[in-house]
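Colleague: One structure is given below, represented as C-alpha cells, and several questions about it will come after.
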Amino acid sequence: MTVGAGISVADGNLMVLGKKVLSHVHDNVLVTPASGGALLNGAFLGVASHQKGSRRVFPLASLTCVILKNCMGLRFMCAFRFKMWWMTQRMGTCGQEVPIETQFLLIEAHNGSDIDGGINNGEDQGSSTHAVLLPLLEGDFRAVLQGNDRNEIEICVESGCPAVEEFDGTHLVFIGAGSDPYEVITNAVKTVEKHLKTFSHRERKKMPDILNWFGWCTWDAFYTNVTSENVKEGLKSFEEGGIPAKFVIIDDGWQSVSMDPNSTEWKADNAANFANRLTNIKENHKFQKDGKEGQWVEDPAMGLRHITNEIKQEHDIKHVYVWHAITGYWGGVKPGVSGMEHYDSKMAFPVSSPGVQSNQPDEALTTIAINGLGLVNPEKVFNFYDELHSYLASAGIDGVKVDVQNILETLGQDMVGGSKRSAVIRASDDFWPRDPASHTIHIASVAYNTIFLGEFMQPDWDMFHSLHPMAEYHAAARAVGGCPIYVSDKPGHHDFNLLKKLALPDGSILRAKLPGRPTKDCLFSDPARDGKSLLKIWNMNDFSGVVGVFNCQGAGWCKVGKKNLIHDENPGTVTGIIRAKDVDYISRVADDKWTGDAIIFSHVGEEVIYLPKDVSMPITLKSREYEVFTVVPVKELTDGVKFAPIGLIKMFNSGGAVKEFSCGSNGSTNVTMGVCGCGQFGAYSSTRPKLVTVDSEEVKFRYEEESGLVTIDLRVPQKELYQWSISIDL
C-alpha cells in the first residue's frame with residue numbers, strides 16, 4: 001500500500017524511501033498521507049480501536065537492527081522526558097531502548113541496507129535515509145512513544161482527565177522521511193504546523209531583543225530573598241567590571257504569596273516554597289519603595305515602577321523581565337483571598353501521567369499534588385493574565401519568564417504544541433551550580449533537545465555563573481548556542497575576563513544566528529556515555545560558521561537511579577575530527593566560486609589552520625575540556641590571493657563580529673569589512689597586506705607569514721553597536 005511519495009506499508013513492513021524502518025506493523029495501524037504540508041514524503045500514523053479510556057497503549061511495529069561486524073543498518077536518537085518538566089537524549093538500535101515519554105524519535109537507515117542487515121557505518125550521511133517520528137496532540141489526547149521488551153514501538157495516548165475517554169486515533173504520530181536529517185525534521189514540523197494550526201514554526205516568529213544583549217538573572221544570586229536593593233547592587237557590580245548587563249530577569253521572590261495554614265511546607269536550601277499561593281497580582285513589600293512587611297502601598301509609583309524607572313535611567317537597562325508561574329505561583333492563586341475573588345480560583349489536585357511517574361520524582365510536583373493548586377476559573381483566565389500583565393507593563397516591566405508550564409498537562413492541557421508567538425524556550429533542566437554530575441549532561445541535553453525544540457522556538461540554555469569551575473565550559477556552549485546569554489552571579493563574584501569573551505563593553509553580544517545543534521556525525525553517537533565520542537555543536541554567523549567541541553563523557557541521567565549521576569569518575573581523553581562541512585550551512589555564506597577550502601581558527605589553541613576541501617583535522621580533549629572553532633570559507637581574489645575574515649579573535653564566537661564583507665571589483669585586491677566591537681581583529685591572508693585602514697585612517701597591523709594571520713587592534717567605540725569600516729589592500 002503506497003501512502004506518501006516515499007512512505008509505504010508492504011508485507012507488514014513500514015518502508016521509507018525504499019528502506020524497511022519498522023517491521024511487523026500491527027493490523028490496526030492506520031497510515032494517512034499528509035496533504036498540504038511542506039513534506040511530500042510524510043504520513044500520519046494512528047490506530048483503529050474500539051477501546052475507551054483516558055490512557056491507552058497501542059503497539060505500532062517492531063524496531064530492530066541486526067548489527068554485523070563493523071556494520072550498522074539502523075540506529076536512532078530520541079528526546080524523552082526524564083522528569084515532569086524536562087527532556088534529555090537517548091541513543092540506541094532497537095525498540096526496547098526507546099524510553100517511556102519519548103517526544104521525538106529520529107531513525108537512520110543506510111542505503112543498501114535495512115533493519116535486516118548492515119553496511120559500513122561511516123560518517124557520510126549522504127548514503128543514509130532518515131525518518132522522524134513526531135507524537136502529536138489529537139483532540140483532547142496527547143501521544144508519546146515508548147518501547148517494550150519485544151522491541152516494539154508503542155504509541156501511548158492519554159487525556160489527563162479520567163472523564164475524557166474517547167478519541168479518534170487517526171493522526172497520533174507524524175512520520176517524515178528524506179536524506180538530510182535537518183531538512184526532514186524542519187519539513188516535518190512545518191507539515192504538522194499546517195495540520196494542527198496551533199503553533200508557528202520558529203522561522204515565522206519575531207525574536208525578542210534580549211537575545212542580542214548580555215543579561216543577569218537574580219535567581220542564584222539571591223533566590224526568593226531578592227529585594228529591589230539587591231537588583232541595583234547586582235547591576236552596579238557588572239558596570240564596575242566593564243561588562244554592563246542590558247537586561248535583567250527579576251526571578252522568583254518579587255510576588256505577594258503566602259501558604260495556607262494547613263498546607264505542607266516545602267523546605268529546601270536555595271528553593272521556593274512550592275506550597276505558597278499568589279495573594280495579589282502586585283509586588284510584595286520588598287519591591288515597594290520604603291516598603292515594610294505587613295504594610296501595603298497603594299500608590300503605583302511606589303511599587304515596581306520605582307525600581308524599573310531607576311535601573312533603566314541609572315544603569316541604562318533595556319529590558320526588565322519578571323518571573324511568574326503559569327498559574328500565578330507554584331501553588332496557584334489563593335482561593336477567596338481579598339482582591340482576587342473575581343478570578344474564582346478553585347482547588348485542583350494535579351495528577352501526572354504514569355509515564356512521568358515512572359521516571360525521576362520531582363519535589364515541586366509532589367508538593368503541589370499534596371497541597372493542591374489554586375486554579376483560576378478557565379472563563380476568567382484571560383482577565384487574570386490581562387490584569388497581571390497590564391499592571392506589570394504599567395510598572396515598566398517589558399516581559400515575563402513563565403515557569404511551571406507543564407503543570408497544565410496534569411490538568412489535561414498542553415504547551416509546546418500550542419505556541420504561536422512565544423519565541424524563546426528553556427531547553428533543558430536547570431544549571432545546578434553545586435551538582436558536579438549536571439554540567440556535562442546539561443550541555444549535551446540542550447544540544448540534542450534543540451534538534452526538536454529549535455523548530456518551535458529559540459532554545460534558552462539557562463543562566464550560569466561566570467565564577468565557577470565549569471564556567472568556561474558553559475560559556476563556550478552558550479556562545480555557539482545562538483541563545484540569550486545571561487548569568488546569575490552574586491554581586492562581586494564575577495570573572496570579567498571570561499565575560500569579555502561573550503559580551504562587548506556596550507553590553508551587546510556576538511550571537512550566532514540559529515539554534516545550535518549537533519553536527520550530523522554526532523546525531524546518533526552518545527557523547528555522555530560511550531567513552532569515545534565528542535559532542536560538536538554548529539551554528540552560523542553572517543560570513544562564517546562556528547563549531548563548539550565538548551568532552552561530555554562521564555555523567556548522564558541514570559534510568560536506575562532516576563537522576564543525573566557520575567558513572568565514570570575519570571573519563572578518558574577523547575579524539576575526534578573537525579572539518580568545514582561540520583557547519584551544515586557553510587556553503588550559504590560562500591560565493592558560487594567557493595572551492596571548499598576553509599580557514600579554521602581555534603579559540604583555545606589560538607591557531608589558524610588552512611583546510612583544503614574535505615580535509616579534516618584531529619581534535620583531542622580531556623574530560624570536561626572544550627574548544628571553539630571559527631570556520632570561514634576562503635575567498636580567492638585576483639592574482640591567486642586568498643582571504644578569509646575571522647573576526648574578534650579573543651571572543652568565543654569570533655566570526656559574529658563580522659557584519660559586512662565585500663571584495664573589490666575590476667581586478668582589485670581590496671577587501672572591506674564592517675566589524676562591530678573592540679579588541680584584536682583577525683583575518684587570514686595568503687599574502688602580506690600593503691595597507692590597512694579603519695574608518696579611512698591607516699593603522700598598524702601584524703602579519704604572521706607562517707599562518708597568514710593578519711591582526712589589528714580596535715579601540716572601544718563611542719557609539720553603541722558601532723561598526724568599524726576596515727579596508728585591506730592586498
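Each chain of the C-alpha cells is named A, B, ... in the order shown, its residues numbered from 1; ligands are numbered from 1 in display order.
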Looking only at the backbone, which of the residues in stretch 105-239 of chain A does DSSP tag as strand (DSSP E or B), as an MDAnalysis selection string?
Modeller: chainID A and resid 105:110 119:120 128:135 137:138 141:147 152:158 173:178 213:217
Colleague: Do a neighbour search on A:Gln718 at 12 Å with only C-alpha atoms, toss out local chain neighbours closer than 6 positions, and write the hits as a count of residues only.
Modeller: 6
Colleague: Determine, counting only C-alpha atoms, which protein, DNA and RNA residues have an atom within 12 Å of an atom of A:Ile566; residues of the same chain fewer than 2 positions away are not included. Present the result as a list in words.
Modeller: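 So, after excluding close chain neighbours, the residues are Asp435, Pro436, Ala437, Ser438, His439, Thr440, Ile441, Ala528, Arg529, Cys552, Gln553, Gly554, Ala555, Gly556, Trp557, Cys558, Gly561, Lys563, Asn564, Asp568, Glu569, Asn570 and Pro571 of chain A.
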Colleague: Which of these, A:Thr191, A:Thr367, A:Ser587, A:Thr327, has the shortest distance to A:Val634 once you count only C-alpha atoms?
Modeller: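 Answer, going by the shortest atom-to-atom distance: A:Ser587.
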Colleague: Could you tell me how far atom CA of A:Gly516 sits from atom CA of A:Ile537, in Å to one decimal place?
Modeller: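 Value for the atom CA of A:Ile537-atom CA of A:Gly516 distance: 5.9 Å.
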Colleague: To one decimal place, how far is atom CA of A:Ala43 from atom CA of A:Ile153 in Å?
Modeller: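 Distance reported for this atom pair: 16.8 Å.
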Colleague: Taking the chain letters and numbering used in this document, name the residues of stretch 314-404 of chain A that DSSP puts in helix (DSSP H, G or I), as number ranges by chain.
Modeller: A: 314, 341-343, 354-357, 363-371, 378-394
Colleague: Find the spatial neighbours of A:Thr630, counting only C-alpha atoms, within a cut-off of 10 Å - ignore same-chain residues fewer than 6 positions away - and output them as a list in words.
Modeller: Trp538, Asn539, Met540, Asn541, Ser544, Gly545, Val546, Val547, Gly548, Ala580, Val583, Ala598, Ile599, Ile600, Phe601, Ser602, His603, Val608, Ile646, Gly647, Ile649, Phe652, Asn653, Ser654, Gly655 and Gly656 of chain A
Colleague: Restricting the calculation to only C-alpha atoms, which member of A:Ala272, A:Val98, A:Cys161, A:Ile407 is positioned closest to A:Asn148?
Modeller: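 Using only C-alpha atoms, A:Asn148 sits closest to A:Val98.
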Colleague: Between A:Glu314, A:Asp582, A:Glu706, A:Glu720, which one has atoms that come closest to A:Phe629, using only C-alpha atoms?
Modeller: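 Distance minimum relative to A:Phe629 lands on A:Asp582.
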Colleague: Write out as a list of chain:residue names which residues come within 10 Å of A:Ala590 when counting only C-alpha atoms, dropping same-chain ones fewer than 3 positions away.
Modeller: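 Residues near the query, excluding close chain neighbours: A:Phe543, A:Ser544, A:Tyr585, A:Ile586, A:Ser587, A:Lys593, A:Trp594, A:Thr595, A:Gly596, A:Val632, A:Pro633, A:Val634, A:Lys635.
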Colleague: Using the selection just defined, write its residues with all heavy atoms as an mmCIF file, in the first residue's frame.
Modeller:
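The resulting file, again_10.cif, is reproduced below:
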```cif
data_model
loop_
_atom_site.group_PDB
_atom_site.id
_atom_site.type_symbol
_atom_site.label_atom_id
_atom_site.label_comp_id
_atom_site.auth_asym_id
_atom_site.auth_seq_id
_atom_site.Cartn_x
_atom_site.Cartn_y
_atom_site.Cartn_z
ATOM 1 N N PHE A 543 29.082 35.626 7.902
ATOM 2 C CA PHE A 543 30.079 35.260 6.903
ATOM 3 C C PHE A 543 30.959 34.094 7.337
ATOM 4 O O PHE A 543 32.027 33.866 6.763
ATOM 5 C CB PHE A 543 30.950 36.478 6.557
ATOM 6 C CG PHE A 543 30.165 37.609 5.961
ATOM 7 C CD1 PHE A 543 29.731 38.667 6.756
ATOM 8 C CD2 PHE A 543 29.824 37.605 4.617
ATOM 9 C CE1 PHE A 543 28.994 39.711 6.209
ATOM 10 C CE2 PHE A 543 29.084 38.640 4.065
ATOM 11 C CZ PHE A 543 28.656 39.694 4.861
ATOM 12 N N SER A 544 30.526 33.365 8.343
ATOM 13 C CA SER A 544 31.317 32.243 8.836
ATOM 14 C C SER A 544 30.420 31.287 9.597
ATOM 15 O O SER A 544 29.248 31.566 9.850
ATOM 16 C CB SER A 544 32.444 32.738 9.759
ATOM 17 O OG SER A 544 31.892 33.354 10.924
ATOM 18 N N TYR A 585 25.517 24.602 7.072
ATOM 19 C CA TYR A 585 25.118 25.630 6.116
ATOM 20 C C TYR A 585 26.288 26.477 5.638
ATOM 21 O O TYR A 585 26.092 27.588 5.143
ATOM 22 C CB TYR A 585 24.076 26.561 6.743
ATOM 23 C CG TYR A 585 22.756 25.915 7.104
ATOM 24 C CD1 TYR A 585 21.831 26.598 7.896
ATOM 25 C CD2 TYR A 585 22.418 24.631 6.673
ATOM 26 C CE1 TYR A 585 20.607 26.032 8.234
ATOM 27 C CE2 TYR A 585 21.209 24.056 7.015
ATOM 28 C CZ TYR A 585 20.319 24.749 7.799
ATOM 29 O OH TYR A 585 19.110 24.163 8.138
ATOM 30 N N ILE A 586 27.513 25.986 5.766
ATOM 31 C CA ILE A 586 28.676 26.829 5.481
ATOM 32 C C ILE A 586 28.669 27.337 4.041
ATOM 33 O O ILE A 586 29.102 28.463 3.766
ATOM 34 C CB ILE A 586 29.986 26.064 5.783
ATOM 35 C CG1 ILE A 586 31.195 27.007 5.736
ATOM 36 C CG2 ILE A 586 30.161 24.883 4.857
ATOM 37 C CD1 ILE A 586 31.194 28.067 6.806
ATOM 38 N N SER A 587 28.149 26.554 3.109
ATOM 39 C CA SER A 587 28.146 26.989 1.706
ATOM 40 C C SER A 587 27.237 28.193 1.484
ATOM 41 O O SER A 587 27.378 28.914 0.492
ATOM 42 C CB SER A 587 27.711 25.838 0.795
ATOM 43 O OG SER A 587 26.397 25.419 1.096
ATOM 44 N N LYS A 593 31.722 30.606 -6.397
ATOM 45 C CA LYS A 593 33.033 30.157 -6.868
ATOM 46 C C LYS A 593 33.842 29.477 -5.761
ATOM 47 O O LYS A 593 35.013 29.148 -5.968
ATOM 48 C CB LYS A 593 33.822 31.358 -7.420
ATOM 49 C CG LYS A 593 33.177 32.015 -8.636
ATOM 50 C CD LYS A 593 34.014 33.186 -9.118
ATOM 51 C CE LYS A 593 33.359 33.856 -10.327
ATOM 52 N NZ LYS A 593 34.169 35.031 -10.787
ATOM 53 N N TRP A 594 33.213 29.257 -4.627
ATOM 54 C CA TRP A 594 33.939 28.668 -3.491
ATOM 55 C C TRP A 594 34.428 27.263 -3.826
ATOM 56 O O TRP A 594 33.663 26.428 -4.308
ATOM 57 C CB TRP A 594 33.032 28.637 -2.264
ATOM 58 C CG TRP A 594 33.711 28.120 -1.024
ATOM 59 C CD1 TRP A 594 34.937 28.476 -0.552
ATOM 60 C CD2 TRP A 594 33.187 27.171 -0.093
ATOM 61 N NE1 TRP A 594 35.217 27.801 0.622
ATOM 62 C CE2 TRP A 594 34.159 27.002 0.923
ATOM 63 C CE3 TRP A 594 31.996 26.453 -0.020
ATOM 64 C CZ2 TRP A 594 33.963 26.133 2.005
ATOM 65 C CZ3 TRP A 594 31.800 25.597 1.060
ATOM 66 C CH2 TRP A 594 32.772 25.439 2.054
ATOM 67 N N THR A 595 35.693 27.005 -3.553
ATOM 68 C CA THR A 595 36.299 25.707 -3.871
ATOM 69 C C THR A 595 36.097 24.669 -2.765
ATOM 70 O O THR A 595 36.373 23.492 -2.977
ATOM 71 C CB THR A 595 37.810 25.876 -4.096
ATOM 72 O OG1 THR A 595 38.427 26.319 -2.869
ATOM 73 C CG2 THR A 595 38.083 26.873 -5.208
ATOM 74 N N GLY A 596 35.651 25.113 -1.593
ATOM 75 C CA GLY A 596 35.509 24.204 -0.457
ATOM 76 C C GLY A 596 36.611 24.356 0.570
ATOM 77 O O GLY A 596 36.534 23.787 1.666
ATOM 78 N N VAL A 632 35.668 29.639 8.297
ATOM 79 C CA VAL A 632 35.437 30.700 7.323
ATOM 80 C C VAL A 632 35.778 30.198 5.916
ATOM 81 O O VAL A 632 36.906 29.741 5.681
ATOM 82 C CB VAL A 632 36.296 31.946 7.630
ATOM 83 C CG1 VAL A 632 35.786 33.145 6.836
ATOM 84 C CG2 VAL A 632 36.314 32.256 9.120
ATOM 85 N N PRO A 633 34.847 30.279 4.972
ATOM 86 C CA PRO A 633 35.180 29.919 3.589
ATOM 87 C C PRO A 633 36.275 30.838 3.050
ATOM 88 O O PRO A 633 36.263 32.051 3.283
ATOM 89 C CB PRO A 633 33.862 30.134 2.830
ATOM 90 C CG PRO A 633 32.803 30.118 3.882
ATOM 91 C CD PRO A 633 33.433 30.674 5.118
ATOM 92 N N VAL A 634 37.221 30.252 2.340
ATOM 93 C CA VAL A 634 38.307 31.045 1.754
ATOM 94 C C VAL A 634 37.818 31.697 0.464
ATOM 95 O O VAL A 634 37.248 31.042 -0.411
ATOM 96 C CB VAL A 634 39.534 30.157 1.472
ATOM 97 C CG1 VAL A 634 40.585 30.938 0.678
ATOM 98 C CG2 VAL A 634 40.129 29.655 2.780
ATOM 99 N N LYS A 635 38.052 32.995 0.375
ATOM 100 C CA LYS A 635 37.690 33.764 -0.817
ATOM 101 C C LYS A 635 38.945 33.956 -1.668
ATOM 102 O O LYS A 635 39.962 34.461 -1.192
ATOM 103 C CB LYS A 635 37.123 35.125 -0.401
ATOM 104 C CG LYS A 635 36.838 36.079 -1.545
ATOM 105 C CD LYS A 635 35.565 35.735 -2.253
ATOM 106 C CE LYS A 635 35.195 36.805 -3.266
ATOM 107 N NZ LYS A 635 33.946 36.476 -3.990
#
```
Colleague: Between A:Ala644, A:Met340, A:Leu196, A:Leu637, which has the minimum distance to A:Ser668 (counting only C-alpha atoms)?
Modeller: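 Nearest to A:Ser668: A:Leu637.
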